[in-house]
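Worksheet: the structure to be examined is printed underneath.
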Amino acid sequence: MTSLPNSLRSGPDANGHFGIFGGRYVSETLMPLILSVGEAYEEAKKDPEFHRELAYQLTHFVGRPSPLYHAKRLTEFFGGAKIYLKREDLNHTGAHKVNNCIGQALVARRMGKKRIIAETGAGQHGVATATVCALFGLDCVIFMGATDVARQAPNVERMKLLGAKVVPVVSGASTLKDAMNDAMRDWVANVDDTYYMIGTVAGPHPYPAMVRDFQAVIGEETRTQILEAEGRLPDSLVACIGGGSNAMGLFHPFLDDAGIDIYGVEAAGHGLETGQHAASLTGGRPGVLHGNRTYLLQDQDGQIAEAHSISAGLDYPGIGPEHAWLHETGRVKYVSATDQEALDAFLFTTRLEGIIPALESSHAIAYAKKKAAELPKNHLMVINLSGRGDKDLATVTAAIGGVK
Amino acid sequence: MSRIEARFAALKRAGRAGLITFVTAGDPDRDTSQAILDGLPAAGADLIELGVPFSDPAADGPVIELAAQRALKNGATLARTLEMVRNFRQKNHDTPIILMGYYNPVYAYGTERFCADAATAGVDGLIIVDLPPEEAAELAGPARAKGIDVIYLTTPTSDDVRLPTVLESASGFVYHVSIAGITGTASAKLDAVSEALARIRRHTKLPLAVGFGIKTAAQVAEIGKLADAAVVGSAIVQKLADQLDENGKPKDGAAQSVLGFVRELAAGLTA
C-alpha cells in the first residue's frame, strides 16, 4: 500500500526508526540475522503466493474475519456511546496473537528455519506459536517466566500438548521481560537454524513493523464491517497495551482518519501513584531495551524496573516503538486502567454479554466504560476484545475470593 | 598516542600477546571491587574491561548476570563505576580501561555528559554490546571528541559482507567474539578462531583481541599464539563468586584469590 508523504502510516524508515524510536539495538552476532529477517520479509511482501497462503490460513485455520459485534447490553450499561466489540477472542487459540504467528511462520519457512523460539507472558503468544509450529511441522521452544508459568498453568499445558518445550525462566522477576532476555540468549547461540517469533510490535527492526502488518487485519476488517453495519467509520477506538500488538493492529488502518479518537489503555496495576504498574508511556521515559528505543519503566541509572499488572500479558516495562512515536506526536491518547477496574470489567462483561474477556482486554473495556458514559448515543466506539479470559479464571477467582 | 595504542605497541615490542581481564564494577561491593581493579595490573592484566552492571544483560550468561545483580543490589551505578576508574587512575597511568556494558545506562546518563565524565575519569574505550555501528553515531561522535575509542565486536556471523560495516568506524582494537553465543559458555575450536582472525585481518590493521569461552591459562596461551590479546571474563567473575559466603559477603582474601587466578592466567603469555 502506498502512503502519502504526510501520512502517519508510512513509518518506519529503512533502518526501522519511528522518529527517534525503534531501530536495531542488538549484539553483533544477531545483526546479520536481523538484517536477513528484514530482507526475507520484504521479499515476502512482494510475493503474491505469500499473500495468498496468508489469506488462506487466516480464513480457514484462524477463522477470520472475526465478528464486529454490537454489544447492546454493555452499551446500555455504559449509558452513552454505541459499543462494538471486535471479537479477536473468537480466533483459533482464543486471541489476536495467532494472526502474527501465521505470518511469521511463513517468513521463517521462506528462510529455511526449522526451529522456532518465542517468549510469552500470559501464554497466549506461546500457545499461538506452539499451534502454528504444529501446523507447519516446526520445532518449538517457548521461554516463559517462572512466575507466569505458575499463574497461567492451563496455557502451559496447552503448549506442551501441542508439542512445544516450555522453558521456565528464573532470572530477574521471572516474568515477560526476563523471558525475552532468555529467548535472545538462545537465539544468539542458535543463529543457524533458529527463528525468533516475537509476539508483539517491539524488538529490533523489522519486528515492530512486521508484527503490525500481520495484525493490521484487525483494523482492516473493522473498517469494512463498521461501514456495512453503520454506513460510516467509527468515532473512537479503544485497545489495551502491553507491547501493543492488538492495539496497533486495530489502530494502524485508521491513523490517517483525523476525526477518529484513538485510545491505548496501559495497565495501571495497583495505581500509577504506587509505582507498581506497567504503564510505560505514562510512567516511563525513553531508553533502549530488547533491540529497540522506546519508553521504558526504569530508574535514574537506566536500570529497567519491574512492571506490575494483574494481567500477565501486560506485565512488561516497555512498549512498541511506534506507540512511543504516536504518543509523542499526540495522534493516539494513552490512558490507563487499574487491576481493580480491569477485574470489574472482566466480571460485568461476563454477566452482561456472556463473553469472558481476557484480563488484558478487560483493561480496554474498563477505560471504555468511563469514556463512553461522557459520549452521545450516536457516537460509535470500537473496543478490541483481543482475547478470551478462560486462561484467567484462576487469577480472577483468587482476586475476588471465589465465585459467588 | 592513546593508552590502548601504547599498550598494544609495547606488547608487540615484547613479542607477546596481551591478557585482557573482565570484572563487573561493584561486584560484590564497592571496596572489594576497587581492591580487585587496583590489583589487576600487577597481577598481569595488560588491559582491563570493567563491566557496567545492567539489569537486563541479554548477551551475557548466568555468571556475569549474577555479578551484575550482586553489584546493583549493593548500589552500583554508572556514576560509581566512573568513580572506581578515577580512583584507579590515581595509582595507574598506563593500563587501559575499557568500559563494557549495555546502552541504556549510558543513554540515561546522557551520551555527551557521559563521554566527558568518562574521559576525565580516565576511561580509554567503550564496548557497548547492544549498540551496533548502525545505531552508534550518537555515542561515537562525543566519544571520539573526547579521545575515547569505541570498540566493535566481530563474531562468527560476521562475513565478508558484514565486516566492512563493523570495521569502518572501529578504533583502538577489534574484539572478536569467538563463539555464536553468550558469555561464559562454550569454547571455540582453535582452527575456527584462526580462520576468523585471518578473515578479519584482511579488513583491518587494528590489534585483534579474542574473547568468550576462554577460561584457563592453557586456553589463554593458545589464543595468545593467534591473536594480539586474549580476554577472560566469566572465569574470573566465577572465581570471585566462589569466594562469597552464603550471605553474598566476600570471605577474607577474596580479592587476593581473584588476583592469584589472574596471575596464573598471565603466566602463559611469555614471549
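Each chain in the C-alpha cells gets a letter, A, B, ..., in the order shown, and its residues are numbered from 1; ligands are numbered from 1 in order too.
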
Contact set, chain B to chain A: 10 Å, only C-alpha atoms, as a PyMOL selection string: chain B and resi 53-62+65-66+69+72+76-79+102-109+128-136+152-159+161-162+166+177+179-183+185-186

File dump, residues just selected, C-alpha atoms, as a tab-separated table (two decimals), in the first residue's frame:
chain	number	residue	atom	x	y	z
B	53	PRO	CA	26.15	-3.57	35.65
B	54	PHE	CA	22.80	-3.70	33.84
B	55	SER	CA	19.51	-5.21	34.94
B	56	ASP	CA	18.92	-7.00	31.62
B	57	PRO	CA	22.23	-8.29	30.23
B	58	ALA	CA	20.76	-10.27	27.33
B	59	ALA	CA	24.18	-11.04	25.77
B	60	ASP	CA	25.61	-12.49	28.98
B	61	GLY	CA	25.39	-15.88	30.61
B	62	PRO	CA	24.35	-16.51	34.21
B	65	GLU	CA	24.27	-11.70	35.05
B	66	LEU	CA	24.53	-12.73	38.70
B	69	GLN	CA	22.70	-8.35	40.20
B	72	LEU	CA	23.23	-3.46	41.64
B	76	ALA	CA	26.36	0.09	41.83
B	77	THR	CA	25.59	2.76	39.21
B	78	LEU	CA	27.31	4.08	36.13
B	79	ALA	CA	28.42	7.14	38.13
B	102	TYR	CA	24.73	-2.10	27.56
B	103	TYR	CA	23.46	1.11	26.07
B	104	ASN	CA	20.58	2.06	28.36
B	105	PRO	CA	22.60	3.22	31.41
B	106	VAL	CA	24.82	5.32	29.10
B	107	TYR	CA	21.78	6.75	27.31
B	108	ALA	CA	20.11	7.51	30.65
B	109	TYR	CA	23.28	9.31	31.82
B	128	ILE	CA	28.52	-1.36	24.15
B	129	VAL	CA	27.26	-4.78	23.19
B	130	ASP	CA	23.78	-3.78	22.05
B	131	LEU	CA	24.93	-0.78	20.03
B	132	PRO	CA	25.83	-1.95	16.51
B	133	PRO	CA	27.58	0.51	14.16
B	134	GLU	CA	24.23	1.39	12.53
B	135	GLU	CA	22.99	2.93	15.80
B	136	ALA	CA	26.32	4.10	17.27
B	152	TYR	CA	33.25	-3.02	17.98
B	153	LEU	CA	32.69	-6.73	18.12
B	154	THR	CA	33.15	-9.21	15.32
B	155	THR	CA	31.55	-12.64	15.61
B	156	PRO	CA	31.42	-15.97	13.77
B	157	THR	CA	28.45	-14.49	11.88
B	158	SER	CA	30.50	-11.52	10.60
B	159	ASP	CA	31.07	-12.46	6.97
B	161	VAL	CA	29.80	-8.57	3.53
B	162	ARG	CA	29.27	-7.52	7.14
B	166	VAL	CA	31.63	-3.18	11.52
B	177	VAL	CA	33.66	-12.92	19.91
B	179	ILE	CA	31.56	-18.26	19.50
B	180	ALA	CA	27.98	-17.57	18.49
B	181	GLY	CA	26.53	-17.44	21.96
B	182	ILE	CA	26.55	-15.74	25.33
B	183	THR	CA	29.45	-15.19	27.75
B	185	THR	CA	29.53	-20.92	27.86
B	186	ALA	CA	31.16	-22.86	25.01

Any chance you could list, as a PyMOL selection string, the residues in segment 9-181 of chain A that come up strand (DSSP E or B) when DSSP is run on the backbone? chain A and resi 17-18+21-25+68-70+82-87+95+115-120+139-145+165-169

Print the selection's residues with N, CA and C atoms to a file, as an mmCIF file, in the first residue's frame.
data_model
loop_
_atom_site.group_PDB
_atom_site.id
_atom_site.type_symbol
_atom_site.label_atom_id
_atom_site.label_comp_id
_atom_site.auth_asym_id
_atom_site.auth_seq_id
_atom_site.Cartn_x
_atom_site.Cartn_y
_atom_site.Cartn_z
ATOM 1 N N HIS A 17 13.324 3.187 12.119
ATOM 2 C CA HIS A 17 13.073 4.260 13.084
ATOM 3 C C HIS A 17 11.706 4.913 12.873
ATOM 4 N N PHE A 18 10.984 5.060 13.996
ATOM 5 C CA PHE A 18 9.767 5.877 14.043
ATOM 6 C C PHE A 18 10.179 7.116 14.841
ATOM 7 N N PHE A 21 12.459 6.629 17.844
ATOM 8 C CA PHE A 21 12.191 5.306 18.423
ATOM 9 C C PHE A 21 12.430 4.176 17.422
ATOM 10 N N GLY A 22 12.504 2.958 17.951
ATOM 11 C CA GLY A 22 12.717 1.788 17.108
ATOM 12 C C GLY A 22 14.193 1.499 16.917
ATOM 13 N N GLY A 23 14.587 1.131 15.690
ATOM 14 C CA GLY A 23 15.985 0.830 15.395
ATOM 15 C C GLY A 23 16.323 -0.633 15.607
ATOM 16 N N ARG A 24 17.652 -0.896 15.610
ATOM 17 C CA ARG A 24 18.130 -2.274 15.785
ATOM 18 C C ARG A 24 19.251 -2.254 16.818
ATOM 19 N N TYR A 25 18.903 -2.421 18.085
ATOM 20 C CA TYR A 25 19.894 -2.413 19.152
ATOM 21 C C TYR A 25 20.136 -3.851 19.604
ATOM 22 N N LEU A 68 -17.542 -8.237 14.170
ATOM 23 C CA LEU A 68 -17.620 -6.954 14.874
ATOM 24 C C LEU A 68 -19.012 -6.941 15.492
ATOM 25 N N TYR A 69 -19.061 -7.040 16.797
ATOM 26 C CA TYR A 69 -20.298 -7.369 17.494
ATOM 27 C C TYR A 69 -20.859 -6.149 18.223
ATOM 28 N N HIS A 70 -22.128 -5.845 17.948
ATOM 29 C CA HIS A 70 -22.768 -4.736 18.655
ATOM 30 C C HIS A 70 -23.162 -5.222 20.054
ATOM 31 N N LYS A 82 -22.348 4.064 21.482
ATOM 32 C CA LYS A 82 -22.751 2.739 20.985
ATOM 33 C C LYS A 82 -21.504 1.862 20.879
ATOM 34 N N ILE A 83 -21.531 0.730 21.575
ATOM 35 C CA ILE A 83 -20.320 -0.085 21.736
ATOM 36 C C ILE A 83 -20.298 -1.261 20.768
ATOM 37 N N TYR A 84 -19.200 -1.363 20.043
ATOM 38 C CA TYR A 84 -18.922 -2.539 19.226
ATOM 39 C C TYR A 84 -17.685 -3.242 19.784
ATOM 40 N N LEU A 85 -17.726 -4.573 19.799
ATOM 41 C CA LEU A 85 -16.559 -5.352 20.217
ATOM 42 C C LEU A 85 -15.985 -6.069 18.999
ATOM 43 N N LYS A 86 -14.681 -5.874 18.762
ATOM 44 C CA LYS A 86 -14.019 -6.644 17.710
ATOM 45 C C LYS A 86 -13.592 -7.952 18.348
ATOM 46 N N ARG A 87 -14.187 -9.063 17.862
ATOM 47 C CA ARG A 87 -14.122 -10.322 18.592
ATOM 48 C C ARG A 87 -12.877 -11.156 18.253
ATOM 49 N N ALA A 95 -7.148 -15.666 20.841
ATOM 50 C CA ALA A 95 -6.644 -14.293 20.941
ATOM 51 C C ALA A 95 -6.116 -13.839 19.583
ATOM 52 N N ARG A 115 13.544 -24.357 13.493
ATOM 53 C CA ARG A 115 13.343 -24.292 14.935
ATOM 54 C C ARG A 115 12.853 -22.887 15.285
ATOM 55 N N ILE A 116 11.735 -22.829 16.013
ATOM 56 C CA ILE A 116 11.133 -21.549 16.367
ATOM 57 C C ILE A 116 11.262 -21.353 17.874
ATOM 58 N N ILE A 117 11.699 -20.167 18.282
ATOM 59 C CA ILE A 117 11.675 -19.817 19.706
ATOM 60 C C ILE A 117 10.760 -18.614 19.890
ATOM 61 N N ALA A 118 10.191 -18.499 21.074
ATOM 62 C CA ALA A 118 9.335 -17.349 21.370
ATOM 63 C C ALA A 118 9.287 -17.125 22.870
ATOM 64 N N GLU A 119 8.996 -15.865 23.251
ATOM 65 C CA GLU A 119 8.756 -15.522 24.649
ATOM 66 C C GLU A 119 7.257 -15.459 24.850
ATOM 67 N N THR A 120 6.804 -15.671 26.062
ATOM 68 C CA THR A 120 5.384 -15.460 26.311
ATOM 69 C C THR A 120 5.166 -14.963 27.730
ATOM 70 N N ASP A 139 9.978 -27.264 14.992
ATOM 71 C CA ASP A 139 10.324 -27.424 16.406
ATOM 72 C C ASP A 139 10.012 -26.129 17.134
ATOM 73 N N CYS A 140 9.578 -26.237 18.393
ATOM 74 C CA CYS A 140 9.120 -25.042 19.105
ATOM 75 C C CYS A 140 9.619 -25.030 20.542
ATOM 76 N N VAL A 141 10.285 -23.940 20.923
ATOM 77 C CA VAL A 141 10.736 -23.762 22.307
ATOM 78 C C VAL A 141 10.186 -22.427 22.812
ATOM 79 N N ILE A 142 9.468 -22.460 23.938
ATOM 80 C CA ILE A 142 8.830 -21.260 24.480
ATOM 81 C C ILE A 142 9.503 -20.878 25.797
ATOM 82 N N PHE A 143 9.943 -19.625 25.889
ATOM 83 C CA PHE A 143 10.517 -19.107 27.136
ATOM 84 C C PHE A 143 9.427 -18.355 27.900
ATOM 85 N N MET A 144 9.260 -18.742 29.147
ATOM 86 C CA MET A 144 8.177 -18.168 29.948
ATOM 87 C C MET A 144 8.687 -17.973 31.368
ATOM 88 N N GLY A 145 8.480 -16.787 31.913
ATOM 89 C CA GLY A 145 8.913 -16.522 33.279
ATOM 90 C C GLY A 145 8.295 -17.517 34.246
ATOM 91 N N LYS A 165 8.375 -27.243 23.767
ATOM 92 C CA LYS A 165 9.137 -27.348 25.006
ATOM 93 C C LYS A 165 8.974 -26.001 25.718
ATOM 94 N N VAL A 166 8.547 -26.019 26.980
ATOM 95 C CA VAL A 166 8.377 -24.770 27.723
ATOM 96 C C VAL A 166 9.535 -24.634 28.717
ATOM 97 N N VAL A 167 10.308 -23.554 28.583
ATOM 98 C CA VAL A 167 11.454 -23.328 29.462
ATOM 99 C C VAL A 167 11.078 -22.263 30.497
ATOM 100 N N PRO A 168 10.959 -22.647 31.793
ATOM 101 C CA PRO A 168 10.654 -21.634 32.807
ATOM 102 C C PRO A 168 11.899 -20.780 33.070
ATOM 103 N N VAL A 169 11.732 -19.457 33.027
ATOM 104 C CA VAL A 169 12.868 -18.542 33.172
ATOM 105 C C VAL A 169 12.893 -18.024 34.610
#

As an mmCIF file with all heavy atoms, in the first residue's frame, please: the residues near Leu19 of chain B (cut-off 6 Å, only C-alpha atoms, same-chain neighbours under 5 positions excluded).
data_model
loop_
_atom_site.group_PDB
_atom_site.id
_atom_site.type_symbol
_atom_site.label_atom_id
_atom_site.label_comp_id
_atom_site.auth_asym_id
_atom_site.auth_seq_id
_atom_site.Cartn_x
_atom_site.Cartn_y
_atom_site.Cartn_z
ATOM 1 N N ALA B 45 47.269 -8.198 34.234
ATOM 2 C CA ALA B 45 46.303 -7.718 33.238
ATOM 3 C C ALA B 45 46.958 -6.620 32.408
ATOM 4 O O ALA B 45 47.435 -5.634 32.959
ATOM 5 C CB ALA B 45 45.056 -7.179 33.927
ATOM 6 N N ASP B 46 46.980 -6.797 31.087
ATOM 7 C CA ASP B 46 47.568 -5.785 30.221
ATOM 8 C C ASP B 46 46.553 -4.700 29.862
ATOM 9 O O ASP B 46 46.905 -3.544 29.664
ATOM 10 C CB ASP B 46 48.107 -6.440 28.950
ATOM 11 C CG ASP B 46 49.233 -7.410 29.264
ATOM 12 O OD1 ASP B 46 50.249 -6.971 29.824
ATOM 13 O OD2 ASP B 46 49.067 -8.614 28.990
ATOM 14 N N ALA B 229 45.542 -10.345 21.733
ATOM 15 C CA ALA B 229 45.188 -10.397 23.149
ATOM 16 C C ALA B 229 44.094 -11.433 23.367
ATOM 17 O O ALA B 229 43.310 -11.717 22.459
ATOM 18 C CB ALA B 229 44.705 -9.021 23.640
ATOM 19 N N ALA B 230 44.068 -11.987 24.580
ATOM 20 C CA ALA B 230 43.010 -12.927 24.963
ATOM 21 C C ALA B 230 42.220 -12.306 26.094
ATOM 22 O O ALA B 230 42.792 -11.718 27.010
ATOM 23 C CB ALA B 230 43.624 -14.252 25.407
#

Just want the 9 Å neighbourhood of Gly224 of chain B, counted on only C-alpha atoms, with same-chain residues fewer than 5 positions away dropped. Output as JSON, numbers by chain. {"B": [16, 17, 18, 19, 210, 219, 229, 230, 268, 269]}

Please save N, CA and C atoms of the selected residues as a PDB file, in the first residue's frame.
ATOM      1  N   ARG B  16      54.819 -10.575  22.683  1.00  0.00           N
ATOM      2  CA  ARG B  16      53.805 -11.471  23.250  1.00  0.00           C
ATOM      3  C   ARG B  16      52.417 -10.863  23.118  1.00  0.00           C
ATOM      4  N   ALA B  17      51.428 -11.743  23.282  1.00  0.00           N
ATOM      5  CA  ALA B  17      50.038 -11.279  23.280  1.00  0.00           C
ATOM      6  C   ALA B  17      49.689 -10.739  24.658  1.00  0.00           C
ATOM      7  N   GLY B  18      48.622  -9.971  24.715  1.00  0.00           N
ATOM      8  CA  GLY B  18      48.202  -9.375  25.971  1.00  0.00           C
ATOM      9  C   GLY B  18      47.075 -10.162  26.634  1.00  0.00           C
ATOM     10  N   LEU B  19      46.936  -9.939  27.952  1.00  0.00           N
ATOM     11  CA  LEU B  19      45.810 -10.505  28.697  1.00  0.00           C
ATOM     12  C   LEU B  19      44.838  -9.374  29.020  1.00  0.00           C
ATOM     13  N   VAL B 210      40.588 -11.671  21.333  1.00  0.00           N
ATOM     14  CA  VAL B 210      39.610 -12.753  21.213  1.00  0.00           C
ATOM     15  C   VAL B 210      39.040 -13.056  22.593  1.00  0.00           C
ATOM     16  N   GLN B 219      44.233 -22.154  27.720  1.00  0.00           N
ATOM     17  CA  GLN B 219      43.473 -21.535  26.609  1.00  0.00           C
ATOM     18  C   GLN B 219      43.995 -20.135  26.299  1.00  0.00           C
ATOM     19  N   ALA B 229      45.542 -10.345  21.733  1.00  0.00           N
ATOM     20  CA  ALA B 229      45.188 -10.397  23.149  1.00  0.00           C
ATOM     21  C   ALA B 229      44.094 -11.433  23.367  1.00  0.00           C
ATOM     22  N   ALA B 230      44.068 -11.987  24.580  1.00  0.00           N
ATOM     23  CA  ALA B 230      43.010 -12.927  24.963  1.00  0.00           C
ATOM     24  C   ALA B 230      42.220 -12.306  26.094  1.00  0.00           C
ATOM     25  N   GLY B 268      51.045 -17.795  31.200  1.00  0.00           N
ATOM     26  CA  GLY B 268      51.225 -18.477  29.910  1.00  0.00           C
ATOM     27  C   GLY B 268      51.612 -17.556  28.765  1.00  0.00           C
ATOM     28  N   LEU B 269      51.560 -16.246  28.989  1.00  0.00           N
ATOM     29  CA  LEU B 269      51.757 -15.307  27.879  1.00  0.00           C
ATOM     30  C   LEU B 269      53.163 -14.714  27.881  1.00  0.00           C
TER      31      LEU B 269
END

Which of segment 103-316 of chain A end up as alpha helix (DSSP H) when DSSP is run on this backbone - answer as a ChimeraX atom specification? /A:103-110,124-136,146-151,153-161,176-189,207-215,217-230,245-251,280-283

For Thr175 of chain A, which residue out of A:Thr129, A:Gln276, A:Ser311, A:Asn246 is the nearest one, using only C-alpha atoms?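 Residue with the minimum atom-to-atom distance to Thr175 of chain A: A:Ser311.
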
Selection: 10 Å around Val123 of chain B, only C-alpha atoms, excl. self and same-chain fewer than 3 positions, as a VMD selection string: chain B and resid 3 50 82 85 to 86 89 96 to 99 115 to 120 126 147 to 149
